[in-house]
$ cat protein-v8.pdb   # PDB, C-alpha atoms
ATOM      1  CA  MET A   7      10.778 302.464  41.344
ATOM      2  CA  LYS A   8      12.164 304.948  38.829
ATOM      3  CA  LEU A   9      15.651 305.764  37.539
ATOM      4  CA  ILE A  10      16.505 309.227  36.208
ATOM      5  CA  VAL A  11      19.786 309.437  34.309
ATOM      6  CA  GLY A  12      21.465 312.741  33.507
ATOM      7  CA  LEU A  13      24.127 312.193  30.843
ATOM      8  CA  GLY A  14      27.444 314.027  30.808
ATOM      9  CA  ASN A  15      31.172 313.825  31.380
ATOM     10  CA  ILE A  16      32.582 313.926  34.886
ATOM     11  CA  GLY A  17      35.275 316.479  35.747
ATOM     12  CA  LYS A  18      35.707 320.240  36.187
ATOM     13  CA  GLU A  19      36.860 320.723  32.611
ATOM     14  CA  TYR A  20      33.501 319.480  31.312
ATOM     15  CA  GLU A  21      31.228 321.494  33.606
ATOM     16  CA  GLY A  22      28.787 323.638  31.654
ATOM     17  CA  THR A  23      29.634 322.101  28.273
ATOM     18  CA  ARG A  24      26.963 321.189  25.736
ATOM     19  CA  HIS A  25      27.432 317.454  26.230
ATOM     20  CA  ASN A  26      26.698 317.925  29.968
ATOM     21  CA  ILE A  27      23.145 319.201  29.654
ATOM     22  CA  GLY A  28      21.887 315.999  31.316
ATOM     23  CA  PHE A  29      24.032 316.711  34.382
ATOM     24  CA  MET A  30      22.575 320.237  34.503
ATOM     25  CA  VAL A  31      19.008 318.929  34.611
ATOM     26  CA  ALA A  32      19.956 316.340  37.264
ATOM     27  CA  ASP A  33      21.459 319.130  39.369
ATOM     28  CA  GLU A  34      18.299 321.217  38.935
ATOM     29  CA  LEU A  35      16.155 318.302  40.142
ATOM     30  CA  ALA A  36      18.477 317.725  43.104
ATOM     31  CA  LYS A  37      18.173 321.398  44.024
ATOM     32  CA  ARG A  38      14.363 321.237  43.881
ATOM     33  CA  TRP A  39      14.280 318.110  45.996
ATOM     34  CA  GLY A  40      16.655 319.476  48.633
ATOM     35  CA  ILE A  41      19.396 316.957  47.816
ATOM     36  CA  THR A  42      22.803 318.136  48.958
ATOM     37  CA  THR A  43      24.692 314.851  49.208
ATOM     38  CA  TRP A  44      25.548 312.469  46.386
ATOM     39  CA  LYS A  45      27.135 309.079  46.931
ATOM     40  CA  ASN A  46      29.317 307.132  44.542
ATOM     41  CA  GLU A  47      27.515 303.920  43.643
ATOM     42  CA  ARG A  48      27.689 301.551  40.655
ATOM     43  CA  SER A  49      29.820 303.842  38.453
ATOM     44  CA  ALA A  50      27.646 306.887  39.119
ATOM     45  CA  MET A  51      27.007 309.762  41.475
ATOM     46  CA  CYS A  52      23.682 308.776  42.999
ATOM     47  CA  ALA A  53      20.977 310.467  45.066
ATOM     48  CA  GLU A  54      17.603 309.152  46.227
ATOM     49  CA  HIS A  55      14.198 310.794  46.385
ATOM     50  CA  ARG A  56      10.720 309.572  47.321
ATOM     51  CA  ILE A  57       7.435 310.741  45.782
ATOM     52  CA  PRO A  58       6.515 308.406  47.746
ATOM     53  CA  GLU A  59       7.854 305.861  45.238
ATOM     54  CA  LYS A  60      11.648 305.560  45.373
ATOM     55  CA  VAL A  61      13.473 307.463  42.649
ATOM     56  CA  PHE A  62      17.187 307.137  41.871
ATOM     57  CA  LEU A  63      18.812 310.195  40.327
ATOM     58  CA  ILE A  64      22.200 309.408  38.817
ATOM     59  CA  LYS A  65      25.074 311.017  36.916
ATOM     60  CA  PRO A  66      27.337 308.318  35.416
ATOM     61  CA  THR A  67      31.032 308.761  36.235
ATOM     62  CA  THR A  68      32.330 306.581  33.379
ATOM     63  CA  TYR A  69      32.398 309.380  30.787
ATOM     64  CA  MET A  70      29.733 309.585  28.120
ATOM     65  CA  ASN A  71      30.715 306.661  25.890
ATOM     66  CA  LEU A  72      30.368 304.136  28.741
ATOM     67  CA  SER A  73      27.232 305.564  30.397
ATOM     68  CA  GLY A  74      25.430 302.259  29.934
ATOM     69  CA  GLU A  75      27.643 300.586  32.552
ATOM     70  CA  ALA A  76      26.020 302.645  35.309
ATOM     71  CA  VAL A  77      22.506 302.489  33.877
ATOM     72  CA  GLY A  78      22.689 298.729  33.374
ATOM     73  CA  ALA A  79      24.074 298.189  36.875
ATOM     74  CA  PHE A  80      21.217 300.123  38.521
ATOM     75  CA  ALA A  81      18.560 298.540  36.306
ATOM     76  CA  ASN A  82      19.798 295.024  37.009
ATOM     77  CA  PHE A  83      20.439 295.403  40.727
ATOM     78  CA  TYR A  84      17.133 297.146  41.509
ATOM     79  CA  ASN A  85      15.118 295.349  38.809
ATOM     80  CA  ILE A  86      14.004 298.569  37.105
ATOM     81  CA  ASP A  87      12.138 298.154  33.808
ATOM     82  CA  PRO A  88      13.392 300.148  30.771
ATOM     83  CA  GLU A  89      10.158 302.157  30.562
ATOM     84  CA  ASP A  90      10.870 303.384  34.112
ATOM     85  CA  ILE A  91      14.285 304.777  33.145
ATOM     86  CA  ALA A  92      14.298 308.422  31.997
ATOM     87  CA  VAL A  93      17.478 309.450  30.179
ATOM     88  CA  ILE A  94      18.230 313.177  29.854
ATOM     89  CA  GLN A  95      20.521 313.904  26.917
ATOM     90  CA  ASP A  96      21.815 316.570  24.560
ATOM     91  CA  ASP A  97      20.682 316.500  20.921
ATOM     92  CA  LEU A  98      22.747 317.954  18.074
ATOM     93  CA  ASP A  99      19.855 317.877  15.631
ATOM     94  CA  LEU A 100      17.599 320.153  17.680
ATOM     95  CA  PRO A 101      17.955 323.954  17.827
ATOM     96  CA  CYS A 102      19.618 325.225  20.982
ATOM     97  CA  GLY A 103      17.218 325.057  23.928
ATOM     98  CA  LYS A 104      14.431 323.155  22.125
ATOM     99  CA  LEU A 105      12.944 320.188  23.988
ATOM    100  CA  ARG A 106      11.866 316.853  22.548
ATOM    101  CA  ILE A 107      10.610 313.870  24.533
ATOM    102  CA  ARG A 108      10.150 310.351  23.197
ATOM    103  CA  ARG A 109       9.041 307.023  24.684
ATOM    104  CA  LYS A 110      11.841 305.196  22.863
ATOM    105  CA  GLY A 111      13.953 305.409  19.743
ATOM    106  CA  SER A 112      17.320 304.916  18.098
ATOM    107  CA  ALA A 113      20.630 306.250  19.395
ATOM    108  CA  GLY A 114      20.765 308.823  16.620
ATOM    109  CA  GLY A 115      24.564 308.824  16.741
ATOM    110  CA  HIS A 116      24.691 309.644  20.469
ATOM    111  CA  ASN A 117      27.387 307.458  22.050
ATOM    112  CA  GLY A 118      25.908 307.662  25.545
ATOM    113  CA  ILE A 119      22.573 306.363  24.259
ATOM    114  CA  LYS A 120      24.320 303.636  22.247
ATOM    115  CA  SER A 121      26.022 302.426  25.407
ATOM    116  CA  ILE A 122      22.768 302.403  27.372
ATOM    117  CA  GLN A 123      21.021 300.435  24.646
ATOM    118  CA  GLN A 124      23.821 297.873  24.667
ATOM    119  CA  HIS A 125      23.653 297.376  28.428
ATOM    120  CA  LEU A 126      19.848 297.316  28.664
ATOM    121  CA  GLY A 127      19.466 295.210  25.532
ATOM    122  CA  THR A 128      16.735 297.543  24.233
ATOM    123  CA  GLY A 129      16.069 301.079  23.086
ATOM    124  CA  ASP A 130      12.646 301.142  24.741
ATOM    125  CA  PHE A 131      13.349 303.739  27.414
ATOM    126  CA  PRO A 132      12.155 307.376  27.560
ATOM    127  CA  ARG A 133      14.436 310.079  26.098
ATOM    128  CA  PHE A 134      14.366 313.645  27.387
ATOM    129  CA  LYS A 135      16.315 315.647  24.812
ATOM    130  CA  ILE A 136      17.546 319.238  24.868
ATOM    131  CA  GLY A 137      18.845 320.760  21.656
ATOM    132  CA  ILE A 138      22.406 322.072  21.606
ATOM    133  CA  GLY A 139      22.487 323.071  17.925
ATOM    134  CA  HIS A 140      24.624 321.638  15.150
ATOM    135  CA  PRO A 141      27.829 323.363  13.942
ATOM    136  CA  GLU A 142      28.746 321.822  10.593
ATOM    137  CA  ARG A 143      28.268 318.483   8.928
ATOM    138  CA  ASN A 144      31.689 317.064   9.736
ATOM    139  CA  ALA A 145      32.906 314.907  12.602
ATOM    140  CA  SER A 146      35.721 317.141  13.832
ATOM    141  CA  ALA A 147      33.427 320.154  14.170
ATOM    142  CA  VAL A 148      30.870 318.082  16.079
ATOM    143  CA  ILE A 149      33.426 316.824  18.601
ATOM    144  CA  GLY A 150      34.601 320.341  19.350
ATOM    145  CA  HIS A 151      31.036 321.642  19.472
ATOM    146  CA  VAL A 152      29.710 319.223  22.095
ATOM    147  CA  LEU A 153      32.695 319.813  24.398
ATOM    148  CA  HIS A 154      32.441 323.610  24.311
ATOM    149  CA  ARG A 155      30.403 325.781  26.638
ATOM    150  CA  PHE A 156      27.328 327.681  25.526
ATOM    151  CA  GLY A 157      27.750 331.195  24.168
ATOM    152  CA  LYS A 158      26.503 334.248  26.040
ATOM    153  CA  GLU A 159      23.480 334.605  23.768
ATOM    154  CA  GLU A 160      22.610 330.922  24.308
ATOM    155  CA  GLN A 161      22.748 330.990  28.110
ATOM    156  CA  PRO A 162      19.183 332.298  28.677
ATOM    157  CA  LEU A 163      17.813 329.634  26.296
ATOM    158  CA  ILE A 164      19.666 326.858  28.093
ATOM    159  CA  GLU A 165      18.767 328.052  31.586
ATOM    160  CA  GLU A 166      15.089 328.074  30.600
ATOM    161  CA  ALA A 167      15.383 324.694  28.846
ATOM    162  CA  VAL A 168      16.958 323.093  31.936
ATOM    163  CA  LYS A 169      14.094 324.327  34.121
ATOM    164  CA  GLN A 170      11.459 323.189  31.636
ATOM    165  CA  MET A 171      13.064 319.769  31.299
ATOM    166  CA  ALA A 172      13.130 319.376  35.081
ATOM    167  CA  ASP A 173       9.403 320.219  35.010
ATOM    168  CA  ALA A 174       8.902 317.572  32.313
ATOM    169  CA  VAL A 175      10.706 314.904  34.328
ATOM    170  CA  GLU A 176       8.640 315.720  37.412
ATOM    171  CA  LEU A 177       5.468 315.389  35.322
ATOM    172  CA  TRP A 178       6.744 312.041  33.978
ATOM    173  CA  LEU A 179       7.167 310.841  37.560
ATOM    174  CA  LYS A 180       3.415 311.301  37.992
ATOM    175  CA  GLY A 181       2.942 308.539  35.432
ATOM    176  CA  ASP A 182       1.455 310.176  32.335
ATOM    177  CA  MET A 183       3.918 310.073  29.431
ATOM    178  CA  ASP A 184       1.246 311.245  26.974
ATOM    179  CA  ALA A 185       0.747 314.401  29.011
ATOM    180  CA  VAL A 186       4.496 315.004  29.113
ATOM    181  CA  MET A 187       4.906 314.728  25.342
ATOM    182  CA  GLN A 188       1.815 316.813  24.634
ATOM    183  CA  GLU A 189       2.996 319.581  26.947
ATOM    184  CA  TYR A 190       6.672 319.774  26.050
ATOM    185  CA  ASN A 191       6.877 318.635  22.405
ATOM    186  CA  THR A 192       4.545 321.401  21.288
ATOM    187  CA  LYS A 193       6.150 324.762  20.772
ATOM    188  CA  LYS A 194       3.647 327.221  22.091
ATOM    189  CA  GLU A 195       3.484 330.301  19.912
ATOM    190  CA  LYS A 196       0.972 333.015  20.466
ATOM    191  CA  LYS A 197      -0.924 333.633  17.293
ATOM    192  CA  LYS A 198      -1.082 337.238  16.253
ATOM    193  CA  GLU A 199      -4.615 338.491  16.424
ATOM    194  CA  GLU A 200      -5.819 339.872  13.162
ATOM    195  CA  PRO A 201      -7.445 343.283  13.416
ATOM    196  CA  ALA A 202     -11.206 343.154  13.249
ATOM    197  CA  LYS A 203     -12.576 343.858   9.804
ATOM    198  CA  GLU A 204     -15.165 346.577   9.483
ATOM    199  CA  ASN A 205     -18.378 345.835   7.662
ATOM    200  CA  ASN A 206     -18.942 348.244   4.811
TER     201      ASN A 206
END

$ encode --input "protein-v8.pdb" --output "structure tokens"
Amino acid sequence: MKLIVGLGNIGKEYEGTRHNIGFMVADELAKRWGITTWKNERSAMCAEHRIPEKVFLIKPTTYMNLSGEAVGAFANFYNIDPEDIAVIQDDLDLPCGKLRIRRKGSAGGHNGIKSIQQHLGTGDFPRFKIGIGHPERNASAVIGHVLHRFGKEEQPLIEEAVKQMADAVELWLKGDMDAVMQEYNTKKEKKKEEPAKENN
């Protein structure tokens, strides 16, 4: 059994904001899996999928800072191990649209992750991070930044990142975390071919 958690803030006013990138990936997965109905369960919007293993896809409805209430409730009730819980989050310290995937780690100042760690009693759960860029090194700028929507020039980057992260989560569901990190943590850049040198 697996649990996929898309982090974000519930409510129309937060739709499409930087802090809601986890919700965007959850919605992309739901679309791929033909899910049209979500139910409210254990402080989250929840949908189920089978691959054939049962997978819970959730969007906590507690607001970001209390996300761990929903994650802990699902983990405890269904006896889901931390390593089987994929958390999709925004990351201020990554450039906009860049992906980074880790088996575990610290909260890194992310309040949603802090809450999950508190409720699970461990930080040993996979993190699927999408960069949202960093404005300035002061708290007030950060708060405004994460609650704003992406700019027009950022939209193509984010749309592509959401699709790639959904691909990464689907690969994770196949059971090979090493393959996921190797594929999506490496920025693929085509090397420019040097012109052939002539022999004199």

$ resolve_selection --input "protein-v8.pdb" --expression "the PyMOL selection byres ((chain A and resi 67) around 12)" --output "ChimeraX atom specification"
/A:11-17,26,29,45-52,64-66,68-77,118

$ closest_residue --input "protein-v8.pdb" --among "A:Ile122, A:Val186, A:Leu100, A:Ile57" --to "A:Asp173" --atoms "only C-alpha atoms"
A:Val186

$ closest_residue --input "protein-v8.pdb" --among "A:Leu35, A:Ala113, A:Ala53, A:Ile119" --to "A:Met171" --atoms "only C-alpha atoms"
A:Leu35

$ closest_residue --input "protein-v8.pdb" --among "A:Gln188, A:Ser112, A:Asn117, A:Thr43" --to "A:Arg133" --atoms "all atoms listed in the file"
A:Ser112

$ atom_distance --input "protein-v8.pdb" --atom1 "atom CA of A:Ala172" --atom2 "atom CA of A:Ile27"
11.4 Å

$ closest_residue --input "protein-v8.pdb" --among "A:Arg109, A:Met7, A:Asp97, A:Ser121" --to "A:Phe83" --atoms "all atoms listed in the file"
A:Met7

$ atom_distance --input "protein-v8.pdb" --atom1 "atom CA of A:Val175" --atom2 "atom CA of A:Lys158"
26.3 Å

$ resolve_selection --input "protein-v8.pdb" --expression "the PyMOL selection byres ((chain A and resi 90) around 12)" --output "ChimeraX atom specification"
/A:7-11,59-62,77,80-81,84-89,91-93,109-110,130-133,175,178-183

$ resolve_selection --input "protein-v8.pdb" --expression "the PyMOL selection byres ((chain A and resi 139) around 6)" --output "list of chain:residue names"
A:Leu98, A:Leu100, A:Pro101, A:Cys102, A:Gly137, A:Ile138, A:His140

$ build_atoms --input "protein-v8.pdb" --residues "stretch 80-100 of chain A" --atoms "N, CA, C and O atoms" --output "PDB file, keeping the file's coordinate frame"
ATOM      1  N   PHE A  80      22.366 299.739  37.696  1.00  0.00           N
ATOM      2  CA  PHE A  80      21.217 300.123  38.521  1.00  0.00           C
ATOM      3  C   PHE A  80      19.974 299.344  38.102  1.00  0.00           C
ATOM      4  O   PHE A  80      19.222 298.855  38.952  1.00  0.00           O
ATOM      5  N   ALA A  81      19.751 299.240  36.793  1.00  0.00           N
ATOM      6  CA  ALA A  81      18.560 298.540  36.306  1.00  0.00           C
ATOM      7  C   ALA A  81      18.558 297.079  36.738  1.00  0.00           C
ATOM      8  O   ALA A  81      17.530 296.551  37.179  1.00  0.00           O
ATOM      9  N   ASN A  82      19.710 296.447  36.653  1.00  0.00           N
ATOM     10  CA  ASN A  82      19.798 295.024  37.009  1.00  0.00           C
ATOM     11  C   ASN A  82      19.695 294.795  38.511  1.00  0.00           C
ATOM     12  O   ASN A  82      18.981 293.898  38.970  1.00  0.00           O
ATOM     13  N   PHE A  83      20.415 295.617  39.283  1.00  0.00           N
ATOM     14  CA  PHE A  83      20.439 295.403  40.727  1.00  0.00           C
ATOM     15  C   PHE A  83      19.073 295.697  41.361  1.00  0.00           C
ATOM     16  O   PHE A  83      18.619 294.965  42.244  1.00  0.00           O
ATOM     17  N   TYR A  84      18.408 296.758  40.909  1.00  0.00           N
ATOM     18  CA  TYR A  84      17.133 297.146  41.509  1.00  0.00           C
ATOM     19  C   TYR A  84      15.929 296.671  40.701  1.00  0.00           C
ATOM     20  O   TYR A  84      14.788 296.997  41.040  1.00  0.00           O
ATOM     21  N   ASN A  85      16.190 295.904  39.625  1.00  0.00           N
ATOM     22  CA  ASN A  85      15.118 295.349  38.809  1.00  0.00           C
ATOM     23  C   ASN A  85      14.177 296.441  38.290  1.00  0.00           C
ATOM     24  O   ASN A  85      12.957 296.377  38.452  1.00  0.00           O
ATOM     25  N   ILE A  86      14.765 297.441  37.645  1.00  0.00           N
ATOM     26  CA  ILE A  86      14.004 298.569  37.105  1.00  0.00           C
ATOM     27  C   ILE A  86      13.756 298.321  35.617  1.00  0.00           C
ATOM     28  O   ILE A  86      14.682 298.085  34.845  1.00  0.00           O
ATOM     29  N   ASP A  87      12.495 298.379  35.208  1.00  0.00           N
ATOM     30  CA  ASP A  87      12.138 298.154  33.808  1.00  0.00           C
ATOM     31  C   ASP A  87      12.597 299.328  32.942  1.00  0.00           C
ATOM     32  O   ASP A  87      12.617 300.478  33.401  1.00  0.00           O
ATOM     33  N   PRO A  88      12.937 299.079  31.666  1.00  0.00           N
ATOM     34  CA  PRO A  88      13.392 300.148  30.771  1.00  0.00           C
ATOM     35  C   PRO A  88      12.426 301.332  30.681  1.00  0.00           C
ATOM     36  O   PRO A  88      12.859 302.496  30.621  1.00  0.00           O
ATOM     37  N   GLU A  89      11.119 301.046  30.676  1.00  0.00           N
ATOM     38  CA  GLU A  89      10.158 302.157  30.562  1.00  0.00           C
ATOM     39  C   GLU A  89      10.133 303.046  31.807  1.00  0.00           C
ATOM     40  O   GLU A  89       9.550 304.135  31.786  1.00  0.00           O
ATOM     41  N   ASP A  90      10.782 302.592  32.883  1.00  0.00           N
ATOM     42  CA  ASP A  90      10.870 303.384  34.112  1.00  0.00           C
ATOM     43  C   ASP A  90      12.227 304.077  34.256  1.00  0.00           C
ATOM     44  O   ASP A  90      12.594 304.539  35.334  1.00  0.00           O
ATOM     45  N   ILE A  91      12.970 304.137  33.151  1.00  0.00           N
ATOM     46  CA  ILE A  91      14.285 304.777  33.145  1.00  0.00           C
ATOM     47  C   ILE A  91      14.232 305.997  32.229  1.00  0.00           C
ATOM     48  O   ILE A  91      14.086 305.864  31.003  1.00  0.00           O
ATOM     49  N   ALA A  92      14.312 307.185  32.783  1.00  0.00           N
ATOM     50  CA  ALA A  92      14.298 308.422  31.997  1.00  0.00           C
ATOM     51  C   ALA A  92      15.736 308.882  31.769  1.00  0.00           C
ATOM     52  O   ALA A  92      16.469 309.101  32.737  1.00  0.00           O
ATOM     53  N   VAL A  93      16.122 309.025  30.510  1.00  0.00           N
ATOM     54  CA  VAL A  93      17.478 309.450  30.179  1.00  0.00           C
ATOM     55  C   VAL A  93      17.440 310.875  29.622  1.00  0.00           C
ATOM     56  O   VAL A  93      16.754 311.147  28.632  1.00  0.00           O
ATOM     57  N   ILE A  94      18.177 311.771  30.265  1.00  0.00           N
ATOM     58  CA  ILE A  94      18.230 313.177  29.854  1.00  0.00           C
ATOM     59  C   ILE A  94      19.510 313.398  29.063  1.00  0.00           C
ATOM     60  O   ILE A  94      20.608 313.170  29.572  1.00  0.00           O
ATOM     61  N   GLN A  95      19.384 313.840  27.816  1.00  0.00           N
ATOM     62  CA  GLN A  95      20.521 313.904  26.917  1.00  0.00           C
ATOM     63  C   GLN A  95      20.539 315.208  26.104  1.00  0.00           C
ATOM     64  O   GLN A  95      19.532 315.899  25.990  1.00  0.00           O
ATOM     65  N   ASP A  96      21.703 315.492  25.532  1.00  0.00           N
ATOM     66  CA  ASP A  96      21.815 316.570  24.560  1.00  0.00           C
ATOM     67  C   ASP A  96      21.445 316.016  23.186  1.00  0.00           C
ATOM     68  O   ASP A  96      21.540 314.821  22.947  1.00  0.00           O
ATOM     69  N   ASP A  97      21.025 316.921  22.280  1.00  0.00           N
ATOM     70  CA  ASP A  97      20.682 316.500  20.921  1.00  0.00           C
ATOM     71  C   ASP A  97      21.206 317.530  19.922  1.00  0.00           C
ATOM     72  O   ASP A  97      20.775 318.679  19.916  1.00  0.00           O
ATOM     73  N   LEU A  98      22.138 317.081  19.081  1.00  0.00           N
ATOM     74  CA  LEU A  98      22.747 317.954  18.074  1.00  0.00           C
ATOM     75  C   LEU A  98      21.760 318.405  17.008  1.00  0.00           C
ATOM     76  O   LEU A  98      21.931 319.465  16.409  1.00  0.00           O
ATOM     77  N   ASP A  99      20.750 317.605  16.745  1.00  0.00           N
ATOM     78  CA  ASP A  99      19.855 317.877  15.631  1.00  0.00           C
ATOM     79  C   ASP A  99      18.672 318.762  16.006  1.00  0.00           C
ATOM     80  O   ASP A  99      17.808 319.035  15.167  1.00  0.00           O
ATOM     81  N   LEU A 100      18.637 319.225  17.253  1.00  0.00           N
ATOM     82  CA  LEU A 100      17.599 320.153  17.680  1.00  0.00           C
ATOM     83  C   LEU A 100      18.205 321.543  17.879  1.00  0.00           C
ATOM     84  O   LEU A 100      19.349 321.662  18.331  1.00  0.00           O
TER      85      LEU A 100
END
